[in-house]
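Here the structure comes first, spelled out in structure tokens, and everything after it is commentary.
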Amino acid sequence: MQNPIQIEKQKTARWSWGVLDFFWGIAPLLIGTQLLAWIFFLPQSLHGHTSFRQLYTAGYMVRTGHAHELYDYGTQKAFQDQLVSREAVLMPFIRPPFDALVFVPFSFLSYSSAYIAFLILSIALLAMSVRLLYPWTDNLRASSKLLPFTIFASFVPVASALMLGQDSILLLTLLSASMFALNRERHFAAGAVAGLGLFKFHLLIPLALLLLCWRRFRFFAGFSSVAATLALISIWVVSPAQIRYYAGSLLHIGQGGNGGSHELLQYPLPITMMASVHGLVNGLLSSPSIQRTVITILLVVGTFTWIAIAVPKSRPTQWMVPIALTTAVLVSYYLFIYDLAILLLPLTVALNWSTAPGRGKNSRLLSAACILVFLAPACLIPWSYYFYLVSLPVFFFLLMLVKSARNECLSESVAEAQS
């Protein structure tokens, strides 16, 4: 008699051969391209031409007793020139103060050694993320046990995060751990782990608020507890005056600074390189700034409200976190290619669900949306000015996630009624 598990794997392989084989076909091309990029980029990275320079310098400033100057433009510039390399323009530290503590251990090393150490840590964290999402990769692993690792390694935003020394992969790992804890009904712990990712609060706050709207109160309690603790730590690291200065500076971010030590974050941002509603509005419209701001706010509030209402509150973790995380990406004010690495969580869950045997037309559309989101960042890198267009596949992906969640909820209700 044939093994039932083997029969199930064969069904999965026959139904989803087009989707899973696509990833096997495209992954070597993407990984090969990334390796070629590394040959060019690694020497530049070791000389300090990365985002890691700001994180490394912030850790050094805290360790050496300069935390009270953490958000001073001139002081940051002096330390970066001294410790890393001389640059015409500062790469400012724009994270909450507690985040600087994470990089204190790296500050004991030289910049190039610290960069390599953080790169190795990030690769290990990427592998850990795959392992934490193991419960949502059974259909992917039916094709090959290596497929989830291959998808993660070939996603272009991951390569961007690794090259630039960004901590987006650390955030992905924390969110994966939170998802894992939710799957085990440990809601408070899941919220607490997610709260540790508040160094990118522009992504975590929308996520937490949506789960609050969906009555995940224990998750929100855990998240809020950690948020309050990190706020106290931040005040301890710097000072209330620096906190106020940091908060005020964020209100002016992207308005085009005129220089001066009190305008740390008033520097021009390449908004059209943001794959979010913010980037899309500024990329498509040439109207005055105030009009673009109003339109952005209306679209962000509208999208958030629609998701909060449209998603059934009874949906399990499999749908809640991916939908909330994808929404957070779309409505984020500040978002670049490396931040898209966190989309690997909803992509993994969606691909695993859509490639299961017995799914209908909607699941194939969801698979198509996954492919579009996976490919879009790679396709638009040569035309970075138009990178805001990546938000369109992300929105389609979100739409299909919501539709799949609603359809599954309806199917379960019908099945319960018939039984």
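By order in the structure tokens, chains are A, B, ...; within a chain, residues start at 1; ligands start at 1, following the order shown.
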For this session: Would you mind listing what lies within 10 Å of Leu121 of chain A as a count of residues only, with only C-alpha atoms counted and same-chain residues fewer than 5 positions away left out?
Result: 6
Problem set entry | Shell around Ser85 of chain A at 7 Å using only C-alpha atoms, local window under 4 positions removed, as a list in words |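 Once the adjacent positions are removed, what remains is His47, Gly48, Gln80 and Asp81 of chain A.
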For this session: List the neighbours of Pro97 of chain A out to 12 Å using only C-alpha atoms; skip same-chain residues closer than 4 positions along the sequence, and give me the result as number ranges by chain.
Result: A: 55, 58-59, 61-62, 67-71, 93, 101-104, 198-200, 230-240, 242-247
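Comparing the minimum interatomic distances between Asn407 of chain A and each of A:Leu133, A:Val390, A:Val311, A:Leu182, counting only C-alpha atoms, we find that A:Val311 sits nearest.
Rounded to one decimal, atom CA of Pro322 of chain A and atom CA of Ala153 of chain A lie 19.6 Å from each other.
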For this session: From the DSSP assignment of the backbone, select every residue of segment 73-197 of chain A that is helix (DSSP H, G or I), and format the answer as a PyMOL selection string.
Result: chain A and resi 73-83+97-102+105-108+111-132+134-136+138-143+147-154+156-164+168-183+187-195
Please dump the current selection as a compact mmCIF listing (two decimals), in the first residue's frame; keep C-alpha atoms.
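The resulting file, result21.txt, is reproduced below:
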# COMPACT_ATOMS: atom_id res chain seq x y z
CA TYR A 73 24.32 66.50 13.42
CA GLY A 74 27.85 67.84 13.81
CA THR A 75 28.90 65.28 16.40
CA GLN A 76 27.59 62.36 14.34
CA LYS A 77 29.45 63.66 11.31
CA ALA A 78 32.71 64.02 13.25
CA PHE A 79 32.53 60.49 14.66
CA GLN A 80 31.62 58.92 11.31
CA ASP A 81 34.50 60.69 9.59
CA GLN A 82 36.87 59.60 12.34
CA LEU A 83 35.73 55.98 12.79
CA PRO A 97 17.92 55.60 21.27
CA PHE A 98 17.54 52.04 22.55
CA ASP A 99 18.55 50.71 19.13
CA ALA A 100 22.05 52.12 19.59
CA LEU A 101 22.56 49.65 22.47
CA VAL A 102 22.27 46.73 20.03
CA PRO A 105 29.18 45.18 21.11
CA PHE A 106 30.11 45.78 17.46
CA SER A 107 31.75 49.09 18.37
CA PHE A 108 34.59 47.21 20.09
CA TYR A 111 34.38 49.20 11.26
CA SER A 112 35.26 46.60 8.61
CA SER A 113 35.40 43.79 11.20
CA ALA A 114 32.11 44.94 12.71
CA TYR A 115 30.49 44.96 9.25
CA ILE A 116 31.63 41.37 8.58
CA ALA A 117 30.46 40.25 12.03
CA PHE A 118 27.03 41.82 11.51
CA LEU A 119 26.82 40.26 8.03
CA ILE A 120 27.47 36.79 9.47
CA LEU A 121 24.91 37.40 12.22
CA SER A 122 22.32 38.53 9.66
CA ILE A 123 22.82 35.39 7.56
CA ALA A 124 22.37 33.25 10.68
CA LEU A 125 19.21 35.17 11.56
CA LEU A 126 17.88 34.63 8.03
CA ALA A 127 18.30 30.87 8.44
CA MET A 128 16.63 31.10 11.86
CA SER A 129 13.67 32.89 10.27
CA VAL A 130 13.17 30.01 7.86
CA ARG A 131 13.25 27.58 10.76
CA LEU A 132 10.76 29.60 12.82
CA TYR A 134 8.67 25.83 9.49
CA PRO A 135 4.97 25.18 10.35
CA TRP A 136 3.98 27.26 7.30
CA ASP A 138 4.99 22.05 4.57
CA ASN A 139 3.69 22.38 1.00
CA LEU A 140 6.87 24.17 -0.10
CA ARG A 141 8.98 21.43 1.48
CA ALA A 142 6.89 18.82 -0.36
CA SER A 143 8.69 20.00 -3.48
CA LEU A 147 12.95 25.47 -1.37
CA PRO A 148 12.13 27.78 1.60
CA PHE A 149 15.86 28.57 2.05
CA THR A 150 16.19 29.18 -1.68
CA ILE A 151 13.27 31.62 -1.73
CA PHE A 152 14.66 33.54 1.25
CA ALA A 153 18.18 33.69 -0.15
CA SER A 154 17.12 34.88 -3.61
CA VAL A 156 16.42 40.87 -3.65
CA PRO A 157 15.48 43.00 -0.58
CA VAL A 158 17.36 40.46 1.56
CA ALA A 159 20.52 40.99 -0.50
CA SER A 160 20.04 44.74 -0.18
CA ALA A 161 19.75 44.49 3.61
CA LEU A 162 22.87 42.33 3.81
CA MET A 163 24.96 44.58 1.58
CA LEU A 164 23.96 47.80 3.31
CA SER A 168 15.76 44.43 8.46
CA ILE A 169 16.64 40.73 8.77
CA LEU A 170 16.73 41.09 12.55
CA LEU A 171 13.20 42.50 12.32
CA LEU A 172 12.14 39.59 10.09
CA THR A 173 13.47 37.14 12.69
CA LEU A 174 11.60 38.85 15.54
CA LEU A 175 8.36 38.83 13.56
CA SER A 176 8.87 35.17 12.64
CA ALA A 177 9.42 34.36 16.32
CA SER A 178 6.25 36.28 17.16
CA MET A 179 4.32 34.30 14.55
CA PHE A 180 5.73 31.07 15.99
CA ALA A 181 4.62 32.07 19.51
CA LEU A 182 1.14 32.99 18.28
CA ASN A 183 0.85 29.59 16.65
CA HIS A 187 -0.20 35.71 22.65
CA PHE A 188 1.41 37.92 25.30
CA ALA A 189 4.88 36.56 24.52
CA ALA A 190 4.22 37.02 20.80
CA GLY A 191 3.36 40.67 21.33
CA ALA A 192 6.43 41.18 23.51
CA VAL A 193 8.76 39.67 20.89
CA ALA A 194 7.19 41.79 18.16
CA GLY A 195 7.64 44.85 20.36
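Distance-wise, atom CA of Phe155 of chain A and atom CA of Leu344 of chain A end up 8.1 Å apart.
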Problem set entry | Residue contacts of Tyr385 of chain A (10 Å, only C-alpha atoms) excluding same-chain residues fewer than 2 positions away, as a ChimeraX atom specification | /A:270-274,283,380-383,387-389
Can you write just those residues out, N, CA and C atoms, as a PDB file, in the first residue's frame?
ATOM      1  N   PRO A 270      14.731  60.370  -0.960  1.00  0.00           N
ATOM      2  CA  PRO A 270      14.273  59.910  -2.284  1.00  0.00           C
ATOM      3  C   PRO A 270      12.931  59.196  -2.153  1.00  0.00           C
ATOM      4  N   ILE A 271      11.878  59.961  -2.014  1.00  0.00           N
ATOM      5  CA  ILE A 271      10.564  59.385  -1.710  1.00  0.00           C
ATOM      6  C   ILE A 271      10.090  58.449  -2.813  1.00  0.00           C
ATOM      7  N   THR A 272      10.455  58.723  -4.054  1.00  0.00           N
ATOM      8  CA  THR A 272      10.007  57.861  -5.151  1.00  0.00           C
ATOM      9  C   THR A 272      10.657  56.486  -5.107  1.00  0.00           C
ATOM     10  N   MET A 273      11.620  56.287  -4.216  1.00  0.00           N
ATOM     11  CA  MET A 273      12.238  54.965  -4.046  1.00  0.00           C
ATOM     12  C   MET A 273      11.558  54.179  -2.932  1.00  0.00           C
ATOM     13  N   MET A 274      10.416  54.671  -2.444  1.00  0.00           N
ATOM     14  CA  MET A 274       9.679  53.991  -1.386  1.00  0.00           C
ATOM     15  C   MET A 274       8.507  53.209  -1.975  1.00  0.00           C
ATOM     16  N   GLY A 283       5.285  59.805  -6.449  1.00  0.00           N
ATOM     17  CA  GLY A 283       5.817  59.429  -7.743  1.00  0.00           C
ATOM     18  C   GLY A 283       4.863  59.714  -8.891  1.00  0.00           C
ATOM     19  N   LEU A 380      12.733  46.422 -10.828  1.00  0.00           N
ATOM     20  CA  LEU A 380      12.759  47.881 -10.796  1.00  0.00           C
ATOM     21  C   LEU A 380      14.057  48.466 -10.231  1.00  0.00           C
ATOM     22  N   ILE A 381      14.994  47.622  -9.823  1.00  0.00           N
ATOM     23  CA  ILE A 381      16.275  48.145  -9.329  1.00  0.00           C
ATOM     24  C   ILE A 381      16.982  48.993 -10.381  1.00  0.00           C
ATOM     25  N   PRO A 382      17.027  48.569 -11.652  1.00  0.00           N
ATOM     26  CA  PRO A 382      17.697  49.425 -12.660  1.00  0.00           C
ATOM     27  C   PRO A 382      16.994  50.761 -12.864  1.00  0.00           C
ATOM     28  N   TRP A 383      15.728  50.853 -12.509  1.00  0.00           N
ATOM     29  CA  TRP A 383      14.966  52.091 -12.643  1.00  0.00           C
ATOM     30  C   TRP A 383      14.505  52.519 -11.255  1.00  0.00           C
ATOM     31  N   PHE A 387      10.822  53.075  -8.360  1.00  0.00           N
ATOM     32  CA  PHE A 387      10.660  51.958  -7.433  1.00  0.00           C
ATOM     33  C   PHE A 387       9.329  52.030  -6.692  1.00  0.00           C
ATOM     34  N   TYR A 388       8.710  53.215  -6.631  1.00  0.00           N
ATOM     35  CA  TYR A 388       7.411  53.352  -5.969  1.00  0.00           C
ATOM     36  C   TYR A 388       6.349  52.457  -6.600  1.00  0.00           C
ATOM     37  N   LEU A 389       6.576  52.032  -7.854  1.00  0.00           N
ATOM     38  CA  LEU A 389       5.610  51.168  -8.528  1.00  0.00           C
ATOM     39  C   LEU A 389       5.531  49.775  -7.905  1.00  0.00           C
TER      40      LEU A 389
END
Exercise. Using only C-alpha atoms, which residues sit within 12 Å of Val329 of chain A once same-chain residues fewer than 4 positions away are excluded, as a PyMOL selection string?
Worked result: chain A and resi 200-207+274-279+300+303-304+322-325+333-344+346+390-392+394-395+397-398
Problem set entry | Residues within 12 Å of Gln291 of chain A, only C-alpha atoms, excluding chain neighbours under 6 positions, as number ranges by chain | A: 281-282, 285, 297-298
For this session: Between A:Ala208, A:Leu345, A:Cys213, A:Met400, single out the one closest to Leu365 of chain A, counting only C-alpha atoms.
Result: A:Met400
